[in-house]
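Content type mmCIF, C-alpha atoms, from the file run.cif:
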```cif
data_target
loop_
_atom_site.group_PDB
_atom_site.id
_atom_site.type_symbol
_atom_site.label_atom_id
_atom_site.label_comp_id
_atom_site.auth_asym_id
_atom_site.auth_seq_id
_atom_site.Cartn_x
_atom_site.Cartn_y
_atom_site.Cartn_z
ATOM 1 C CA MET A 1 3.009 -12.775 22.893
ATOM 2 C CA VAL A 2 2.610 -16.513 23.120
ATOM 3 C CA SER A 3 5.341 -18.303 25.022
ATOM 4 C CA THR A 4 6.395 -21.456 23.229
ATOM 5 C CA PRO A 5 7.619 -24.107 25.684
ATOM 6 C CA PRO A 6 11.366 -24.865 25.393
ATOM 7 C CA GLU A 7 10.718 -28.552 24.722
ATOM 8 C CA LEU A 8 8.545 -27.611 21.738
ATOM 9 C CA LEU A 9 11.253 -25.288 20.429
ATOM 10 C CA ASP A 10 13.752 -28.154 20.784
ATOM 11 C CA ARG A 11 11.421 -30.469 18.878
ATOM 12 C CA LEU A 12 11.067 -27.907 16.068
ATOM 13 C CA ALA A 13 14.839 -27.450 15.941
ATOM 14 C CA LEU A 14 15.334 -31.201 15.553
ATOM 15 C CA LEU A 15 12.835 -31.371 12.696
ATOM 16 C CA PHE A 16 14.523 -28.405 11.011
ATOM 17 C CA ALA A 17 17.978 -29.973 11.393
ATOM 18 C CA ALA A 18 16.764 -33.266 9.906
ATOM 19 C CA ARG A 19 15.149 -31.734 6.824
ATOM 20 C CA ASP A 20 16.208 -32.705 3.322
ATOM 21 C CA ARG A 21 15.870 -29.631 1.109
ATOM 22 C CA GLU A 22 15.499 -31.923 -1.917
ATOM 23 C CA ASN A 23 12.613 -33.854 -0.346
ATOM 24 C CA MET A 24 10.632 -31.693 2.033
ATOM 25 C CA ALA A 25 7.565 -33.971 2.186
ATOM 26 C CA PRO A 26 8.664 -35.810 5.371
ATOM 27 C CA THR A 27 9.477 -32.520 7.123
ATOM 28 C CA VAL A 28 6.190 -30.951 6.071
ATOM 29 C CA ALA A 29 4.313 -34.018 7.316
ATOM 30 C CA ALA A 30 6.152 -34.031 10.644
ATOM 31 C CA LEU A 31 5.524 -30.316 11.148
ATOM 32 C CA LEU A 32 1.852 -30.683 10.300
ATOM 33 C CA GLU A 33 1.608 -33.299 13.068
ATOM 34 C CA VAL A 34 3.136 -30.796 15.478
ATOM 35 C CA LEU A 35 0.713 -28.164 14.200
ATOM 36 C CA ASP A 36 -2.221 -30.490 14.956
ATOM 37 C CA GLU A 37 -0.993 -30.583 18.564
ATOM 38 C CA HIS A 38 -0.261 -26.828 18.767
ATOM 39 C CA PRO A 39 -2.531 -25.130 16.191
ATOM 40 C CA ASP A 40 -2.022 -21.554 17.409
ATOM 41 C CA ASP A 41 1.649 -21.597 18.338
ATOM 42 C CA PRO A 42 3.467 -18.882 16.366
ATOM 43 C CA HIS A 43 6.763 -20.785 16.191
ATOM 44 C CA VAL A 44 5.054 -23.895 14.863
ATOM 45 C CA LEU A 45 3.159 -21.826 12.279
ATOM 46 C CA TYR A 46 6.424 -20.159 11.241
ATOM 47 C CA GLU A 47 8.235 -23.495 10.823
ATOM 48 C CA VAL A 48 5.347 -24.958 8.814
ATOM 49 C CA GLY A 49 5.480 -21.892 6.568
ATOM 50 C CA GLY A 50 9.219 -22.262 6.171
ATOM 51 C CA SER A 51 8.901 -25.923 5.232
ATOM 52 C CA TYR A 52 6.351 -25.134 2.525
ATOM 53 C CA ASP A 53 8.570 -22.270 1.364
ATOM 54 C CA THR A 54 11.566 -24.583 1.024
ATOM 55 C CA ALA A 55 9.356 -27.063 -0.824
ATOM 56 C CA GLY A 56 8.547 -24.360 -3.387
ATOM 57 C CA GLU A 57 4.930 -23.929 -2.288
ATOM 58 C CA GLU A 58 5.054 -20.166 -1.751
ATOM 59 C CA GLU A 59 1.286 -19.524 -1.735
ATOM 60 C CA THR A 60 0.821 -22.012 1.081
ATOM 61 C CA ALA A 61 3.895 -20.705 2.900
ATOM 62 C CA ALA A 62 2.594 -17.126 2.771
ATOM 63 C CA GLY A 63 -0.568 -18.089 4.621
ATOM 64 C CA TYR A 64 1.365 -19.765 7.420
ATOM 65 C CA TYR A 65 3.743 -16.814 7.710
ATOM 66 C CA GLU A 66 0.741 -14.475 8.003
ATOM 67 C CA ARG A 67 -0.769 -16.658 10.712
ATOM 68 C CA ALA A 68 2.554 -16.841 12.581
ATOM 69 C CA LEU A 69 2.891 -13.059 12.529
ATOM 70 C CA ALA A 70 -0.685 -12.621 13.743
ATOM 71 C CA ALA A 71 -0.112 -15.184 16.514
ATOM 72 C CA GLY A 72 2.643 -13.059 18.055
ATOM 73 C CA LEU A 73 6.178 -13.907 17.017
ATOM 74 C CA ASP A 74 8.956 -11.900 18.581
ATOM 75 C CA GLY A 75 12.732 -11.731 18.735
ATOM 76 C CA ASP A 76 14.904 -13.426 16.163
ATOM 77 C CA THR A 77 12.087 -15.678 14.972
ATOM 78 C CA LEU A 78 10.105 -12.565 14.076
ATOM 79 C CA ARG A 79 13.091 -11.284 12.087
ATOM 80 C CA LYS A 80 13.425 -14.577 10.206
ATOM 81 C CA CYS A 81 9.694 -14.763 9.533
ATOM 82 C CA LEU A 82 9.541 -11.220 8.170
ATOM 83 C CA LEU A 83 12.546 -11.875 5.941
ATOM 84 C CA GLN A 84 11.183 -15.169 4.634
ATOM 85 C CA TYR A 85 7.666 -13.798 4.179
ATOM 86 C CA GLY A 86 9.046 -10.800 2.281
ATOM 87 C CA SER A 87 11.089 -13.134 0.105
ATOM 88 C CA THR A 88 8.062 -15.334 -0.539
ATOM 89 C CA LEU A 89 5.984 -12.326 -1.558
ATOM 90 C CA ARG A 90 8.785 -11.321 -3.952
ATOM 91 C CA ASN A 91 8.748 -14.804 -5.465
ATOM 92 C CA LEU A 92 4.989 -14.431 -5.904
ATOM 93 C CA GLU A 93 5.643 -11.105 -7.702
ATOM 94 C CA ARG A 94 3.793 -9.204 -4.970
ATOM 95 C CA PHE A 95 6.574 -6.622 -4.894
ATOM 96 C CA ASP A 96 4.852 -3.793 -3.017
ATOM 97 C CA GLU A 97 3.790 -6.192 -0.258
ATOM 98 C CA SER A 98 7.274 -7.694 -0.171
ATOM 99 C CA LEU A 99 8.854 -4.285 0.266
ATOM 100 C CA ALA A 100 6.334 -3.324 2.956
ATOM 101 C CA VAL A 101 7.126 -6.466 4.972
ATOM 102 C CA LEU A 102 10.858 -5.967 4.529
ATOM 103 C CA ASP A 103 10.533 -2.269 5.426
ATOM 104 C CA ARG A 104 8.966 -3.407 8.695
ATOM 105 C CA ALA A 105 11.821 -5.866 9.197
ATOM 106 C CA ARG A 106 14.388 -3.125 8.530
ATOM 107 C CA ALA A 107 12.664 -0.829 11.036
ATOM 108 C CA GLU A 108 12.507 -3.503 13.738
ATOM 109 C CA PHE A 109 15.914 -5.059 13.012
ATOM 110 C CA PRO A 110 18.076 -2.252 11.604
ATOM 111 C CA ASP A 111 21.336 -4.131 12.201
ATOM 112 C CA SER A 112 20.331 -7.240 10.242
ATOM 113 C CA GLU A 113 22.464 -7.598 7.161
ATOM 114 C CA SER A 114 20.285 -10.419 5.831
ATOM 115 C CA VAL A 115 17.170 -8.224 5.986
ATOM 116 C CA GLN A 116 19.018 -5.476 4.121
ATOM 117 C CA VAL A 117 20.173 -7.890 1.414
ATOM 118 C CA TRP A 118 16.664 -9.308 0.919
ATOM 119 C CA HIS A 119 15.236 -5.789 0.853
ATOM 120 C CA ALA A 120 17.697 -4.917 -1.922
ATOM 121 C CA LEU A 121 16.714 -8.080 -3.788
ATOM 122 C CA SER A 122 13.040 -7.094 -3.603
ATOM 123 C CA LEU A 123 13.870 -3.585 -4.797
ATOM 124 C CA HIS A 124 15.648 -5.116 -7.784
ATOM 125 C CA ALA A 125 12.760 -7.496 -8.511
ATOM 126 C CA ALA A 126 10.369 -4.534 -8.381
ATOM 127 C CA GLY A 127 12.390 -2.845 -11.129
ATOM 128 C CA ARG A 128 14.162 -0.473 -8.753
ATOM 129 C CA SER A 129 17.708 -1.589 -9.490
ATOM 130 C CA ASP A 130 19.297 1.794 -8.727
ATOM 131 C CA ALA A 131 17.867 1.744 -5.198
ATOM 132 C CA ALA A 132 18.918 -1.897 -4.794
ATOM 133 C CA VAL A 133 22.517 -1.191 -5.754
ATOM 134 C CA ALA A 134 22.561 1.883 -3.508
ATOM 135 C CA GLU A 135 21.381 -0.192 -0.579
ATOM 136 C CA LEU A 136 24.026 -2.845 -1.164
ATOM 137 C CA MET A 137 26.739 -0.195 -1.529
ATOM 138 C CA GLU A 138 25.746 1.339 1.796
ATOM 139 C CA LEU A 139 25.626 -2.063 3.447
ATOM 140 C CA ALA A 140 29.107 -2.815 2.135
ATOM 141 C CA VAL A 141 30.625 0.439 3.353
ATOM 142 C CA ASP A 142 28.841 0.113 6.721
ATOM 143 C CA ARG A 143 29.931 -3.480 7.335
ATOM 144 C CA ILE A 144 33.181 -4.009 5.423
ATOM 145 C CA ARG A 145 35.459 -1.835 7.488
ATOM 146 C CA THR A 146 38.751 -2.501 5.691
ATOM 147 C CA PRO A 147 41.316 0.199 4.936
ATOM 148 C CA ASP A 148 40.830 -0.460 1.228
ATOM 149 C CA LEU A 149 37.097 0.290 1.271
ATOM 150 C CA LEU A 150 37.287 2.962 3.974
ATOM 151 C CA ARG A 151 39.588 4.974 1.705
ATOM 152 C CA TYR A 152 36.620 5.337 -0.665
ATOM 153 C CA GLU A 153 33.837 5.548 1.909
ATOM 154 C CA ALA A 154 32.789 9.083 0.954
ATOM 155 C CA ALA A 155 32.761 8.199 -2.732
ATOM 156 C CA VAL A 156 30.765 5.012 -2.134
ATOM 157 C CA ARG A 157 28.206 6.914 -0.072
ATOM 158 C CA GLY A 158 28.036 9.690 -2.670
ATOM 159 C CA ASN A 159 27.439 7.213 -5.466
ATOM 160 C CA ALA A 160 24.826 5.411 -3.401
ATOM 161 C CA GLU A 161 23.001 8.697 -2.801
ATOM 162 C CA TYR A 162 23.188 9.481 -6.522
ATOM 163 C CA LEU A 163 21.630 6.107 -7.352
ATOM 164 C CA ARG A 164 18.918 6.706 -4.764
ATOM 165 C CA SER A 165 18.153 10.050 -6.384
ATOM 166 C CA LEU A 166 17.618 8.270 -9.706
ATOM 167 C CA ASP A 167 15.147 5.934 -8.036
ATOM 168 C CA ARG A 168 13.095 8.892 -6.770
ATOM 169 C CA ALA A 169 12.880 10.475 -10.199
#
```
Final structure tokens representation of the file:
Amino acid sequence: MVSTPPELLDRLALLFAARDRENMAPTVAALLEVLDEHPDDPHVLYEVGGSYDTAGEEETAAGYYERALAAGLDGDTLRKCLLQYGSTLRNLERFDESLAVLDRARAEFPDSESVQVWHALSLHAAGRSDAAVAELMELAVDRIRTPDLLRYEAAVRGNAEYLRSLDRA
């Protein structure tokens, strides 16, 4: 794993905080300058990918995400990169690849609700709506621990399993 210096992480955080989602060109340009200085840094590659992703340039973003993953991301940045890369692949209609990336994210970050939601979204986009709904039902019953929902926990889980069985058919 490559250790990104804290001052570089701070610099990236400032650029991220200053971004304008409606006009990503200045952020992309600023991040490309940082990339020129740190061409192999996984966090820089990830942030460049994210800026292109936000700008709607998914093909370009995918390449930077791949490079960031190969360069050795870890921790929460790895989780975010896998989620965003999986989402980008879904947007590019590369559904099997999207699900494979998000399966990896689910395996490495099993407690991440955002990964589970994006995995369900990719299942839906891949035409596997029953599995997507099942996943969201299980996420709800696992994370929404209110008396109202807990009363029906067994039924929710049973219906989720039924939907999963339809997906396998």
Check your understanding: So what does the PyMOL selection byres ((chain A and resi 69) around 9) actually pick up in this one, as a list in words?
Key ->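 Answer for the PyMOL selection byres ((chain A and resi 69) around 9): Pro42, Leu45, Tyr46, Tyr64, Tyr65, Glu66, Arg67, Ala68, Ala70, Ala71, Gly72, Leu73, Asp74, Leu78, Cys81 and Leu82 of chain A.
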Exercise for review: Just give me the gap between CA of Val156 (chain A) and CA of Arg79 (chain A) in Å, one decimal is fine.
Suggested key: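 Computing the Euclidean distance for CA of Val156 (chain A) and CA of Arg79 (chain A) yields 27.9 Å.
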Practice item. Just the residues within 12 Å of Ala100 (chain A), please, counting all atoms listed in the file, with nothing from its chain fewer than 6 positions along; format it as a list in words. Key: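 Returned residues: Leu82, Leu83, Tyr85, Gly86, Ser87, Leu89, Arg90, Arg94, Arg106, Ala107, His119, Ser122 and Leu123 of chain A.
Nearest residue to Leu166 (chain A) among A:Asp148, A:Glu97, A:Asp76, A:Asp130 is A:Asp130, counting all atoms listed in the file.
Ranking A:Lys80, A:Arg19, A:Arg164, A:Arg11 by their shortest atom-to-atom distance to Ser129 (chain A), with all atoms listed in the file included, puts A:Arg164 first.
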**Study point:** Distance criterion (only C-alpha atoms): nearest to Gly75 (chain A) out of A:Leu15, A:Met24, A:Val133, A:Ala105
**Key:**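 Of the candidates, the smallest distance to Gly75 (chain A) is held by A:Ala105.
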Around all the atoms of region 121-139 of chain A listed in the file, with 6 Å of room on each side, what axis-aligned box do you get, giving centre and edge lengths in Å to one decimal, as AutoDock Vina command-line options?
```
--center_x 18.6 --center_y -3.1 --center_z -3.8 --size_x 28.4 --size_y 22.0 --size_z 26.6
```
Can you give me all heavy atoms for region 7-18 of chain A, written as a PDB file, keeping the file's coordinate frame?
```
ATOM      1  N   GLU A   7      10.676 -27.199  25.307  1.00  0.00           N
ATOM      2  CA  GLU A   7      10.718 -28.552  24.722  1.00  0.00           C
ATOM      3  C   GLU A   7      10.099 -28.567  23.326  1.00  0.00           C
ATOM      4  O   GLU A   7      10.530 -29.336  22.460  1.00  0.00           O
ATOM      5  CB  GLU A   7      10.047 -29.587  25.637  1.00  0.00           C
ATOM      6  CG  GLU A   7       8.594 -29.321  25.980  1.00  0.00           C
ATOM      7  CD  GLU A   7       8.385 -28.375  27.170  1.00  0.00           C
ATOM      8  OE1 GLU A   7       9.365 -27.834  27.727  1.00  0.00           O
ATOM      9  OE2 GLU A   7       7.212 -28.171  27.530  1.00  0.00           O
ATOM     10  N   LEU A   8       9.126 -27.713  23.075  1.00  0.00           N
ATOM     11  CA  LEU A   8       8.545 -27.611  21.738  1.00  0.00           C
ATOM     12  C   LEU A   8       9.538 -26.950  20.785  1.00  0.00           C
ATOM     13  O   LEU A   8       9.693 -27.376  19.640  1.00  0.00           O
ATOM     14  CB  LEU A   8       7.221 -26.853  21.766  1.00  0.00           C
ATOM     15  CG  LEU A   8       6.516 -26.657  20.420  1.00  0.00           C
ATOM     16  CD1 LEU A   8       6.294 -27.981  19.689  1.00  0.00           C
ATOM     17  CD2 LEU A   8       5.191 -25.927  20.623  1.00  0.00           C
ATOM     18  N   LEU A   9      10.221 -25.923  21.260  1.00  0.00           N
ATOM     19  CA  LEU A   9      11.253 -25.288  20.429  1.00  0.00           C
ATOM     20  C   LEU A   9      12.356 -26.278  20.082  1.00  0.00           C
ATOM     21  O   LEU A   9      12.849 -26.304  18.940  1.00  0.00           O
ATOM     22  CB  LEU A   9      11.837 -24.062  21.143  1.00  0.00           C
ATOM     23  CG  LEU A   9      10.897 -22.880  21.325  1.00  0.00           C
ATOM     24  CD1 LEU A   9      11.551 -21.804  22.180  1.00  0.00           C
ATOM     25  CD2 LEU A   9      10.474 -22.318  19.975  1.00  0.00           C
ATOM     26  N   ASP A  10      12.740 -27.121  21.045  1.00  0.00           N
ATOM     27  CA  ASP A  10      13.752 -28.154  20.784  1.00  0.00           C
ATOM     28  C   ASP A  10      13.257 -29.142  19.738  1.00  0.00           C
ATOM     29  O   ASP A  10      14.015 -29.560  18.850  1.00  0.00           O
ATOM     30  CB  ASP A  10      14.113 -28.897  22.073  1.00  0.00           C
ATOM     31  CG  ASP A  10      14.879 -28.034  23.058  1.00  0.00           C
ATOM     32  OD1 ASP A  10      15.409 -26.964  22.655  1.00  0.00           O
ATOM     33  OD2 ASP A  10      14.940 -28.425  24.249  1.00  0.00           O
ATOM     34  N   ARG A  11      12.013 -29.531  19.847  1.00  0.00           N
ATOM     35  CA  ARG A  11      11.421 -30.469  18.878  1.00  0.00           C
ATOM     36  C   ARG A  11      11.428 -29.865  17.477  1.00  0.00           C
ATOM     37  O   ARG A  11      11.776 -30.524  16.496  1.00  0.00           O
ATOM     38  CB  ARG A  11       9.995 -30.812  19.312  1.00  0.00           C
ATOM     39  CG  ARG A  11       9.296 -31.837  18.473  1.00  0.00           C
ATOM     40  CD  ARG A  11       7.950 -32.163  19.092  1.00  0.00           C
ATOM     41  NE  ARG A  11       7.143 -33.006  18.242  1.00  0.00           N
ATOM     42  CZ  ARG A  11       5.848 -33.190  18.409  1.00  0.00           C
ATOM     43  NH1 ARG A  11       5.210 -32.604  19.409  1.00  0.00           N
ATOM     44  NH2 ARG A  11       5.175 -33.961  17.570  1.00  0.00           N
ATOM     45  N   LEU A  12      11.053 -28.590  17.365  1.00  0.00           N
ATOM     46  CA  LEU A  12      11.067 -27.907  16.068  1.00  0.00           C
ATOM     47  C   LEU A  12      12.480 -27.823  15.511  1.00  0.00           C
ATOM     48  O   LEU A  12      12.700 -28.028  14.305  1.00  0.00           O
ATOM     49  CB  LEU A  12      10.458 -26.506  16.200  1.00  0.00           C
ATOM     50  CG  LEU A  12       8.975 -26.447  16.529  1.00  0.00           C
ATOM     51  CD1 LEU A  12       8.560 -25.015  16.860  1.00  0.00           C
ATOM     52  CD2 LEU A  12       8.136 -27.016  15.393  1.00  0.00           C
ATOM     53  N   ALA A  13      13.443 -27.544  16.380  1.00  0.00           N
ATOM     54  CA  ALA A  13      14.839 -27.450  15.941  1.00  0.00           C
ATOM     55  C   ALA A  13      15.330 -28.790  15.404  1.00  0.00           C
ATOM     56  O   ALA A  13      16.064 -28.831  14.396  1.00  0.00           O
ATOM     57  CB  ALA A  13      15.723 -26.967  17.082  1.00  0.00           C
ATOM     58  N   LEU A  14      14.934 -29.873  16.031  1.00  0.00           N
ATOM     59  CA  LEU A  14      15.334 -31.201  15.553  1.00  0.00           C
ATOM     60  C   LEU A  14      14.731 -31.496  14.183  1.00  0.00           C
ATOM     61  O   LEU A  14      15.406 -32.036  13.300  1.00  0.00           O
ATOM     62  CB  LEU A  14      14.916 -32.283  16.550  1.00  0.00           C
ATOM     63  CG  LEU A  14      15.732 -32.358  17.832  1.00  0.00           C
ATOM     64  CD1 LEU A  14      15.088 -33.342  18.810  1.00  0.00           C
ATOM     65  CD2 LEU A  14      17.167 -32.754  17.531  1.00  0.00           C
ATOM     66  N   LEU A  15      13.469 -31.156  14.003  1.00  0.00           N
ATOM     67  CA  LEU A  15      12.835 -31.371  12.696  1.00  0.00           C
ATOM     68  C   LEU A  15      13.503 -30.516  11.619  1.00  0.00           C
ATOM     69  O   LEU A  15      13.728 -30.987  10.497  1.00  0.00           O
ATOM     70  CB  LEU A  15      11.341 -31.064  12.773  1.00  0.00           C
ATOM     71  CG  LEU A  15      10.509 -32.039  13.595  1.00  0.00           C
ATOM     72  CD1 LEU A  15       9.081 -31.515  13.764  1.00  0.00           C
ATOM     73  CD2 LEU A  15      10.519 -33.414  12.962  1.00  0.00           C
ATOM     74  N   PHE A  16      13.844 -29.284  11.960  1.00  0.00           N
ATOM     75  CA  PHE A  16      14.523 -28.405  11.011  1.00  0.00           C
ATOM     76  C   PHE A  16      15.893 -28.976  10.645  1.00  0.00           C
ATOM     77  O   PHE A  16      16.266 -29.017   9.472  1.00  0.00           O
ATOM     78  CB  PHE A  16      14.667 -26.996  11.601  1.00  0.00           C
ATOM     79  CG  PHE A  16      15.352 -26.025  10.687  1.00  0.00           C
ATOM     80  CD1 PHE A  16      14.643 -25.376   9.684  1.00  0.00           C
ATOM     81  CD2 PHE A  16      16.708 -25.761  10.816  1.00  0.00           C
ATOM     82  CE1 PHE A  16      15.272 -24.487   8.823  1.00  0.00           C
ATOM     83  CE2 PHE A  16      17.344 -24.872   9.975  1.00  0.00           C
ATOM     84  CZ  PHE A  16      16.626 -24.235   8.971  1.00  0.00           C
ATOM     85  N   ALA A  17      16.631 -29.433  11.636  1.00  0.00           N
ATOM     86  CA  ALA A  17      17.978 -29.973  11.393  1.00  0.00           C
ATOM     87  C   ALA A  17      17.948 -31.231  10.542  1.00  0.00           C
ATOM     88  O   ALA A  17      18.882 -31.495   9.787  1.00  0.00           O
ATOM     89  CB  ALA A  17      18.676 -30.248  12.721  1.00  0.00           C
ATOM     90  N   ALA A  18      16.870 -31.993  10.634  1.00  0.00           N
ATOM     91  CA  ALA A  18      16.764 -33.266   9.906  1.00  0.00           C
ATOM     92  C   ALA A  18      16.199 -33.108   8.499  1.00  0.00           C
ATOM     93  O   ALA A  18      16.149 -34.072   7.740  1.00  0.00           O
ATOM     94  CB  ALA A  18      15.899 -34.242  10.695  1.00  0.00           C
TER      95      ALA A  18
END
```
